[in-house]
Amino acid sequence: MTTLEKAKLWLSDTFDKETRDAVQSLIDSNSPDLEDSFYRELEFGTGGMRGIMGVGTNRLNKYTLGQATQGLANYMLQQFQGEEISVAIAYDVRNNSKEFGKLVADVLTANGIKVLLFKNHRPTPELSFTVRDKKCNGGIVLTASHNPPEYNGYKVYWNDGAQIVPPHDEAIINEVYSVKFEEIKFDGNDDLIEWIGEEQDDVYIDACIENSTYQDVEKGNLNIVFTSIHGTTYATVPKALEKAGFKKIDLVKEQMIPSGNFPTVDSPNPEEPAALEMAMDLAKITNADIVIGTDPDGDRLGIAVRNLEGEIQLLNGNQCNTILTYYILDQWKKQGKITGKEFIGSTIVTSDIFFDIAEKFGVDCKVGLTGFKWIGKMIRDFEGQEKFICGGEESFGFMTGDFVRDKDSCGSIILACEIAAWCKANEKTMYEYLIEIYQETGMYYEGLINIVKKGRDGAEEIQNMMKNFRENPPKSLAGSLVEEVKDFKEQTNFVVSENQIHVMDDIPKSNVLIYYTQDGTKVCVRPSGTEPKIKFYVSVKESITSKEDFEETLKSLEQKIEEVRKDLQLN
């Protein structure tokens, strides 16, 4: 079926007049958007379903959301036969998120499923917490994380509060794709909706404080600057910090106003220094010790601290998680809580420093595919056997304890501020604390290279790039011979020196390649599951013996990443 034929199906009476008119306009104008809107169906990736809002099968709209929710309802009715099924629903600040939240609730209630619906936008981790706290069968959050304003998305959680993983994810997808648009039940039953208000914030915040604080430190002396970058955490993080005992909290007021247009930034992504520019400017005025920003749905956080020159500098995700993980494990050790049956969680694209940290403290480091749903799966798989302590991934996500089964900026921020206050009381900065950790583990440094390829042609180009890297792996990177080629799609590990292929079946198949060189350089290649990008994660390592060696070592590692980029011909 051609794209035009697919589009014409949306001119039937199954679709409302507004939708029909919009599709007809695309057809009449021969708009280039017609092809991208209909050439495929939106897929569930590592972060669920995410796409540009608009009409069409490859867009997020009333019908694609309705189809996804009807499929989910069908599956839940099969899985929980004879039970009163309940689903919690939250949504972020994005345009249409609130309306989408009610739309999804209507489809569920039309199928006889009870809905716990937040009255206003709330962070994704609070939804994960609420699923467990309210003993729901599942959860849904409407969000597109830090994507541009034209995007929105849909993430599904199971009854453990974690995002869906096998076998539920594939089974739900099969149900979704079997739903015809005319089969969607849109006429909801408001009697089956229970509204959730601010009272749930307090329960969630109390849990964050309980799971993220370890010792009494001089919290009143820490100068904090916080920004929600127009996102959901305006309602939770300032209150949580105050309740945890921090006194000096300066807010970027212009960015505490929730808005799906994100008017003060080009991208509401705390991974990017530009998104925290206003916060860093405020930090100069207030002499802040730490600057923190969160993404629109409040699961990721960016942390900036004072470097060796006293300037505020954004840490990357691996550096943030290194500090948080090391501190937590150090506290667990001092409190005698490590028995050898504990673990931390990480992902295949995250720094290998977490293996070193875990070994130092006598805990296991379990690794999964990209995305916190796999860390959530670890917790569930080993519940009652091994104790989960904390987990993180390079994309600015971290979680403390298992009360939330997804990355959680609120608990992580409370923890980060405790560490900053402890460092200040001991006359050092978090940056210096990081260097002390590097002196024990070796200094790891990472770079992320994103190649953007939009539209149908871009998707095909990304597939061809992955095919080429799979069939023609590099022989050396930055002057060091490639020793291992791990292919997670084929579940193989080719060890060059042995000329042997080993089977890797402990991690599910995924379109990911990892190259390891003899000097420990690691390069991971994967298509993004949520954006039109192919990503290259580069990690390099050198030993470091003192703080005085830091700047020189950093320059050497930066140069090595640049050499890797040139070797891979990434312009």
# chains A, B, ... in the order shown; residues from 1 in each chain; ligands from 1
call {"tool": "residues_around", "arguments": {"residues": "stretch 66-79 of chain A", "least_positions_apart": "6", "cutoff": "6 Å", "atoms": "only C-alpha atoms", "output": "PDB file with C-alpha atoms, in the first residue's frame"}}
result
ATOM      1  CA  ILE A 172       1.278  -5.519  24.250  1.00  0.00           C
ATOM      2  CA  GLU A 175      -2.259  -6.389  20.786  1.00  0.00           C
ATOM      3  CA  VAL A 176      -1.802  -2.752  19.759  1.00  0.00           C
ATOM      4  CA  ILE A 184     -11.101   1.952  19.821  1.00  0.00           C
TER       5      ILE A 184
END
call {"tool": "residues_around", "arguments": {"residues": "A:Lys135", "least_positions_apart": "3", "cutoff": "9 Å", "atoms": "only C-alpha atoms", "output": "NGL selection string"}}
result
:A and (86 or 130-132 or 138 or 159-160)
call {"tool": "residues_around", "arguments": {"residues": "A:Phe15", "least_positions_apart": "6", "cutoff": "10 Å", "atoms": "only C-alpha atoms", "output": "ChimeraX atom specification"}}
result
/A:9,21,62-63,181-182
call {"tool": "select_by_dssp", "arguments": {"residues": "stretch 163-317 of chain A", "states": "alpha helix (DSSP H)", "output": "ChimeraX atom specification"}}
result
/A:168-178,199-212,237-243,277-286,317
call {"tool": "write_last_selection", "arguments": {"atoms": "C-alpha atoms", "output": "compact mmCIF listing (two decimals), in the first residue's frame"}}
result
# COMPACT_ATOMS: atom_id res chain seq x y z
CA HIS A 168 4.83 -8.00 28.29
CA ASP A 169 6.22 -5.42 25.85
CA GLU A 170 6.07 -7.65 22.76
CA ALA A 171 2.70 -9.03 23.78
CA ILE A 172 1.28 -5.52 24.25
CA ILE A 173 2.71 -4.39 20.91
CA ASN A 174 1.06 -7.35 19.20
CA GLU A 175 -2.26 -6.39 20.79
CA VAL A 176 -1.80 -2.75 19.76
CA TYR A 177 -1.10 -3.57 16.12
CA SER A 178 -4.12 -5.89 15.97
CA GLU A 199 -1.26 14.92 48.76
CA GLN A 200 0.60 12.31 46.70
CA ASP A 201 3.56 14.70 46.33
CA ASP A 202 4.17 14.56 50.08
CA VAL A 203 4.14 10.76 50.17
CA TYR A 204 6.57 10.64 47.23
CA ILE A 205 8.87 13.32 48.67
CA ASP A 206 9.04 11.58 52.04
CA ALA A 207 10.11 8.38 50.27
CA CYS A 208 12.77 10.31 48.32
CA ILE A 209 14.21 11.74 51.53
CA GLU A 210 14.15 8.40 53.32
CA ASN A 211 15.96 6.61 50.49
CA SER A 212 18.44 9.34 49.56
CA VAL A 237 12.05 19.48 44.02
CA PRO A 238 12.06 22.85 45.87
CA LYS A 239 9.64 21.41 48.44
CA ALA A 240 11.76 18.25 48.76
CA LEU A 241 14.98 20.20 49.30
CA GLU A 242 13.41 22.36 51.99
CA LYS A 243 11.89 19.33 53.71
CA GLU A 277 23.03 28.84 31.18
CA MET A 278 20.51 30.94 33.12
CA ALA A 279 21.07 28.83 36.22
CA MET A 280 24.83 29.19 35.91
CA ASP A 281 24.48 32.95 35.52
CA LEU A 282 22.42 33.04 38.72
CA ALA A 283 25.06 30.92 40.43
CA LYS A 284 27.65 33.64 39.78
CA ILE A 285 25.46 36.14 41.60
CA THR A 286 24.58 33.87 44.53
CA GLY A 317 26.18 11.79 33.23
call {"tool": "closest_residue", "arguments": {"among": "A:Cys320, A:Glu432, A:Glu198, A:Phe361", "to": "A:Gly336", "atoms": "only C-alpha atoms"}}
result
A:Phe361
call {"tool": "closest_residue", "arguments": {"among": "A:Lys360, A:Arg50, A:Arg122, A:Lys334", "to": "A:Asp297", "atoms": "only C-alpha atoms"}}
result
A:Arg122
call {"tool": "select_by_dssp", "arguments": {"residues": "stretch 294-430 of chain A", "states": "strand (DSSP E or B)", "output": "ChimeraX atom specification"}}
result
/A:294,300-306,312-314,342-347,364-368,387-393,397-400
call {"tool": "atom_distance", "arguments": {"atom1": "atom CA of A:Tyr438", "atom2": "atom CA of A:Phe354"}}
result
11.5 Å
call {"tool": "closest_residue", "arguments": {"among": "A:Asn321, A:Asn223, A:Asn111, A:Thr441", "to": "A:Lys407", "atoms": "only C-alpha atoms"}}
result
A:Asn321
call {"tool": "closest_atom_pairs", "arguments": {"of": "stretch 352-394 of chain A", "to": "stretch 301-311 of chain A", "cutoff": "12 Å", "atoms": "only C-alpha atoms", "output": "tab-separated table"}}
result
residue	atom	partner	partner_atom	distance
A:Gly392	CA	A:Leu301	CA	11.4
A:Glu393	CA	A:Leu301	CA	11.6
A:Glu394	CA	A:Leu301	CA	11.2
call {"tool": "closest_residue", "arguments": {"among": "A:Glu272, A:Asp356, A:Asp106, A:Glu150", "to": "A:Asp191", "atoms": "only C-alpha atoms"}}
result
A:Asp106
call {"tool": "residues_around", "arguments": {"residues": "stretch 420-426 of chain A", "least_positions_apart": "5", "cutoff": "12 Å", "atoms": "only C-alpha atoms", "output": "ChimeraX atom specification"}}
result
/A:213-224,245-248,288-292,303-306,320,323-324,327,413-415,431-434,436
call {"tool": "closest_residue", "arguments": {"among": "A:Val495, A:Ile229, A:Ile338, A:Met465", "to": "A:Arg300", "atoms": "only C-alpha atoms"}}
result
A:Ile229
call {"tool": "atom_distance", "arguments": {"atom1": "atom CA of A:His230", "atom2": "atom CA of A:Pro125"}}
result
16.9 Å
call {"tool": "atom_distance", "arguments": {"atom1": "atom CA of A:Trp332", "atom2": "atom CA of A:Thr370"}}
result
26.7 Å
call {"tool": "residues_around", "arguments": {"residues": "A:Pro508", "least_positions_apart": "2", "cutoff": "10 Å", "atoms": "only C-alpha atoms", "output": "short mmCIF file (atom, residue, chain, number, x, y, z; two decimals) with N, CA and C atoms, in the first residue's frame"}}
result
data_model
loop_
_atom_site.label_atom_id
_atom_site.label_comp_id
_atom_site.auth_asym_id
_atom_site.auth_seq_id
_atom_site.Cartn_x
_atom_site.Cartn_y
_atom_site.Cartn_z
N PRO A 166 10.18 -7.57 28.21
CA PRO A 166 9.68 -8.89 27.80
C PRO A 166 9.21 -9.70 29.01
N GLY A 368 22.63 -3.99 31.81
CA GLY A 368 21.56 -4.29 30.87
C GLY A 368 21.63 -3.41 29.65
N LEU A 369 20.66 -3.56 28.78
CA LEU A 369 20.56 -2.71 27.60
C LEU A 369 20.26 -1.27 28.01
N TRP A 374 15.47 -1.73 31.92
CA TRP A 374 16.28 -2.93 32.12
C TRP A 374 16.85 -2.98 33.54
N PHE A 488 25.34 -7.09 19.83
CA PHE A 488 24.20 -7.48 20.65
C PHE A 488 23.00 -7.89 19.82
N LYS A 489 23.01 -7.57 18.54
CA LYS A 489 21.94 -8.04 17.65
C LYS A 489 22.14 -9.52 17.34
N GLU A 490 23.39 -9.90 17.11
CA GLU A 490 23.72 -11.30 16.82
C GLU A 490 24.07 -12.06 18.09
N GLN A 491 24.22 -11.33 19.22
CA GLN A 491 24.60 -11.91 20.52
C GLN A 491 25.93 -12.65 20.43
N MET A 504 26.92 -14.49 23.42
CA MET A 504 26.45 -13.63 24.52
C MET A 504 24.93 -13.72 24.54
N ASP A 505 24.37 -14.54 25.40
CA ASP A 505 22.92 -14.67 25.44
C ASP A 505 22.33 -14.25 26.79
N ASP A 506 23.15 -13.55 27.60
CA ASP A 506 22.66 -13.11 28.91
C ASP A 506 21.93 -11.77 28.83
N SER A 510 19.66 -6.68 20.68
CA SER A 510 19.44 -5.25 20.43
C SER A 510 20.42 -4.81 19.36
#
call {"tool": "closest_residue", "arguments": {"among": "A:Ile89, A:Leu314, A:Pro167, A:Ser259", "to": "A:Ile140", "atoms": "only C-alpha atoms"}}
result
A:Ile89
call {"tool": "residues_around", "arguments": {"residues": "A:Lys522", "least_positions_apart": "5", "cutoff": "8 Å", "atoms": "only C-alpha atoms", "output": "MDAnalysis selection string"}}
result
chainID A and resid 514:517 537:540
call {"tool": "decode", "arguments": {"residues": "stretch 16-101 of chain A", "atoms": "C-alpha atoms", "output": "compact mmCIF listing (two decimals), in the first residue's frame"}}
result
# COMPACT_ATOMS: atom_id res chain seq x y z
CA ASP A 16 -13.31 12.99 13.30
CA LYS A 17 -13.79 15.98 11.01
CA GLU A 18 -10.73 17.84 12.30
CA THR A 19 -8.52 14.85 11.48
CA ARG A 20 -10.09 14.31 8.05
CA ASP A 21 -9.64 17.97 7.15
CA ALA A 22 -5.99 17.93 8.22
CA VAL A 23 -5.25 14.81 6.16
CA GLN A 24 -7.07 16.21 3.13
CA SER A 25 -4.99 19.38 3.42
CA LEU A 26 -1.77 17.34 3.35
CA ILE A 27 -2.97 15.50 0.27
CA ASP A 28 -4.21 18.62 -1.57
CA SER A 29 -1.03 20.56 -0.93
CA ASN A 30 1.20 17.59 -1.78
CA SER A 31 3.00 18.40 1.44
CA PRO A 32 6.33 16.65 2.10
CA ASP A 33 4.93 15.96 5.58
CA LEU A 34 2.48 13.48 4.05
CA GLU A 35 5.19 10.88 3.42
CA ASP A 36 6.69 11.14 6.92
CA SER A 37 3.25 11.15 8.55
CA PHE A 38 2.09 7.88 7.00
CA TYR A 39 5.03 5.81 5.74
CA ARG A 40 5.16 3.69 8.91
CA GLU A 41 3.53 3.12 12.30
CA LEU A 42 5.02 4.57 15.47
CA GLU A 43 7.04 1.94 17.30
CA PHE A 44 7.70 1.19 20.95
CA GLY A 45 11.41 1.92 21.48
CA THR A 46 13.60 2.02 24.59
CA GLY A 47 11.42 4.83 25.95
CA GLY A 48 8.04 3.64 24.70
CA MET A 49 6.21 5.42 21.90
CA ARG A 50 7.45 8.88 21.02
CA GLY A 51 6.88 11.06 18.00
CA ILE A 52 5.90 14.37 16.46
CA MET A 53 2.31 15.41 17.15
CA GLY A 54 -0.01 15.54 14.16
CA VAL A 55 -2.23 13.37 11.97
CA GLY A 56 -1.03 10.07 10.56
CA THR A 57 0.16 6.63 11.56
CA ASN A 58 3.68 7.96 12.22
CA ARG A 59 2.44 10.79 14.42
CA LEU A 60 1.19 11.04 17.97
CA ASN A 61 -2.51 11.86 17.96
CA LYS A 62 -5.91 10.81 19.26
CA TYR A 63 -5.96 7.66 17.15
CA THR A 64 -2.42 6.36 17.60
CA LEU A 65 -2.73 6.97 21.34
CA GLY A 66 -6.19 5.41 21.32
CA GLN A 67 -4.90 2.37 19.45
CA ALA A 68 -2.00 1.93 21.90
CA THR A 69 -4.31 2.25 24.90
CA GLN A 70 -6.98 -0.07 23.49
CA GLY A 71 -4.29 -2.67 22.86
CA LEU A 72 -2.97 -2.22 26.40
CA ALA A 73 -6.51 -2.52 27.80
CA ASN A 74 -7.10 -5.72 25.84
CA TYR A 75 -3.88 -7.20 27.19
CA MET A 76 -4.53 -6.19 30.80
CA LEU A 77 -8.03 -7.65 30.67
CA GLN A 78 -6.44 -10.95 29.62
CA GLN A 79 -3.66 -10.82 32.24
CA PHE A 80 -5.77 -9.80 35.23
CA GLN A 81 -8.99 -11.68 34.65
CA GLY A 82 -11.42 -11.42 37.55
CA GLU A 83 -9.54 -8.52 39.18
CA GLU A 84 -10.49 -4.87 39.54
CA ILE A 85 -7.80 -3.47 37.25
CA SER A 86 -6.38 -0.02 37.98
CA VAL A 87 -3.92 2.12 36.03
CA ALA A 88 -2.22 5.33 37.20
CA ILE A 89 -1.78 8.09 34.60
CA ALA A 90 0.52 11.12 34.75
CA TYR A 91 1.56 13.66 32.13
CA ASP A 92 4.22 16.31 31.80
CA VAL A 93 4.07 19.98 30.74
CA ARG A 94 4.17 19.37 27.01
CA ASN A 95 1.56 20.81 24.68
CA ASN A 96 -1.49 18.49 24.61
CA SER A 97 -0.15 16.29 27.44
CA LYS A 98 -3.07 17.03 29.76
CA GLU A 99 -5.61 16.44 26.99
CA PHE A 100 -3.81 13.24 25.96
CA GLY A 101 -3.87 12.09 29.59
